[in-house]
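Trainee: Okay, here's the structure, questions in a sec.
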Amino acid sequence: MTIRPLILLPDPLLRQVSKPVERVDDNLRKFADDMVETMYDAPGIGLAAIQVGEPLRMLVLDVAEKDEPKNPQVFINPEILARSDERNLHEEGCLSIPDYYAEVERPAEVTVKYIGLDGKEHVVEANGILATCLQHEIDHLNGVLFIDYLSKLKRDIVVRKFKKLAKDRPPPARMAG
Ligand code: NI
């Protein structure tokens, strides 16, 4: 398994709409392992493929409590089929926007259809942290970030801060050949 570098705000890749996964094969399973490893290393509870630079409609998450056994889950081509009218306020953060947290209101429950690593279609009715996490990660597949739900003023402050950080950051090492 390989820990992959995370794409950070304001990288334009984060605004790209990801493409459906066409085939669940060994390559994809290996990539899913890398994503899970990268998520645990960060550490985070969810990660979309685009956050490691792959514009694929795929996400991993693990919303198990600290005292519970690890429970990594992989969602391929996820699609929200239904959203509850009831809404929930949750503090969210994002591995692509490190050390920034804000409360976001979203539907409290969602029904999500997805393909599993078994290549089969599944449907999950999610609530609580799983519902929030799934919606946050599915947003990534559509180029949407949780800061998009904040006021323009708050969002501008965050974006400006990360633009400045990116300028101060040395460019990533590139391998030639
Ligand atoms: Ni995120």
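Going by the structure tokens order, chains are called A, B, ..., each with residues numbered from 1, while ligands are numbered from 1 in the order shown.
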As a PyMOL selection string, please: all residues of stretch 47-171 of chain A that backbone DSSP puts in strand (DSSP E or B).
Mentor: chain A and resi 47-48+56+58-61+73-83+87-94+97-107+110-115+121-126
Trainee: Can you build me a table of chain A residues sitting at most 8 Å from ligand 1, with the closest atom pair per residue and its distance in Å to one decimal, using only C-alpha atoms and all ligand atoms, sorted by chain and residue number, as CSV?
Mentor:
```
residue,atom,partner,partner_atom_place_in_ligand_line,distance
A:Gly46,CA,ligand 1,1 (Ni),7.1
A:Leu47,CA,ligand 1,1 (Ni),6.4
A:Ala48,CA,ligand 1,1 (Ni),7.2
A:Gln51,CA,ligand 1,1 (Ni),7.8
A:Gly93,CA,ligand 1,1 (Ni),6.6
A:Cys94,CA,ligand 1,1 (Ni),3.7
A:Leu95,CA,ligand 1,1 (Ni),5.5
A:Ser96,CA,ligand 1,1 (Ni),6.0
A:Ile97,CA,ligand 1,1 (Ni),7.4
A:His136,CA,ligand 1,1 (Ni),6.2
A:Glu137,CA,ligand 1,1 (Ni),6.0
A:His140,CA,ligand 1,1 (Ni),6.6
A:Leu145,CA,ligand 1,1 (Ni),6.6
A:Phe146,CA,ligand 1,1 (Ni),7.0
```
Trainee: Tell me which protein, DNA and RNA residues are within 9 Å of A:Gly128, counting only C-alpha atoms, leaving out same-chain ones fewer than 5 positions away, and put them as a PyMOL selection string.
Mentor: chain A and resi 88+108-109+133
Trainee: Those same residues, written as a PDB file, in the first residue's frame with all heavy atoms?
Mentor:
```
ATOM      1  N   ASN A  88     -29.264  18.429   9.629  1.00  0.00           N
ATOM      2  CA  ASN A  88     -28.336  18.241  10.725  1.00  0.00           C
ATOM      3  C   ASN A  88     -27.207  19.251  10.613  1.00  0.00           C
ATOM      4  O   ASN A  88     -26.760  19.559   9.508  1.00  0.00           O
ATOM      5  CB  ASN A  88     -27.709  16.848  10.570  1.00  0.00           C
ATOM      6  CG  ASN A  88     -27.842  16.046  11.826  1.00  0.00           C
ATOM      7  OD1 ASN A  88     -28.197  16.587  12.871  1.00  0.00           O
ATOM      8  ND2 ASN A  88     -27.554  14.776  11.740  1.00  0.00           N
ATOM      9  N   ALA A 108     -30.201  15.271   7.179  1.00  0.00           N
ATOM     10  CA  ALA A 108     -29.759  14.376   8.252  1.00  0.00           C
ATOM     11  C   ALA A 108     -29.605  12.936   7.766  1.00  0.00           C
ATOM     12  O   ALA A 108     -28.774  12.186   8.278  1.00  0.00           O
ATOM     13  CB  ALA A 108     -30.749  14.441   9.405  1.00  0.00           C
ATOM     14  N   GLU A 109     -30.425  12.544   6.774  1.00  0.00           N
ATOM     15  CA  GLU A 109     -30.372  11.167   6.257  1.00  0.00           C
ATOM     16  C   GLU A 109     -30.324  11.180   4.734  1.00  0.00           C
ATOM     17  O   GLU A 109     -30.985  12.008   4.098  1.00  0.00           O
ATOM     18  CB  GLU A 109     -31.618  10.380   6.689  1.00  0.00           C
ATOM     19  CG  GLU A 109     -31.637  10.082   8.181  1.00  0.00           C
ATOM     20  CD  GLU A 109     -32.932   9.424   8.624  1.00  0.00           C
ATOM     21  OE1 GLU A 109     -33.553   8.705   7.804  1.00  0.00           O
ATOM     22  OE2 GLU A 109     -33.326   9.657   9.775  1.00  0.00           O
ATOM     23  N   CYS A 133     -20.626  12.466   6.214  1.00  0.00           N
ATOM     24  CA  CYS A 133     -19.375  12.124   5.534  1.00  0.00           C
ATOM     25  C   CYS A 133     -19.635  11.753   4.063  1.00  0.00           C
ATOM     26  O   CYS A 133     -18.922  12.224   3.168  1.00  0.00           O
ATOM     27  CB  CYS A 133     -18.713  10.976   6.294  1.00  0.00           C
ATOM     28  SG  CYS A 133     -17.033  10.699   5.778  1.00  0.00           S
TER      29      CYS A 133
END
```
Trainee: From the options A:Arg83, A:Lys154, A:Lys66, A:Lys161, which residue's atoms come nearest to A:Leu134, counting only C-alpha atoms?
Mentor: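 Under the stated criterion, the closest residue is A:Arg83.
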Trainee: Quick check, in Å to one decimal: how far apart do atom CA of A:Ser151 and atom CA of A:Thr132 lie?
Mentor: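 Spanning atom CA of A:Ser151 to atom CA of A:Thr132 is a straight-line distance of 19.2 Å.
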Trainee: Using only C-alpha atoms, can you tell me which of A:Val36, A:Val112, A:Leu117, A:Met58 comes closest to A:Pro20?
Mentor: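 So, comparing all the options, the nearest one is A:Met58.
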Trainee: Near A:Gln135, within 10 Å and counting only C-alpha atoms, which residues show up once chain neighbours fewer than 4 positions away are dropped, as an MDAnalysis selection string?
Mentor: chainID A and resid 78:80 106:107 109:110 112 126 129:131 139:140 146
Trainee: To one decimal place, how far is atom CA of A:Asp41 from atom CA of A:Asp148 in Å?
Mentor: 25.9 Å
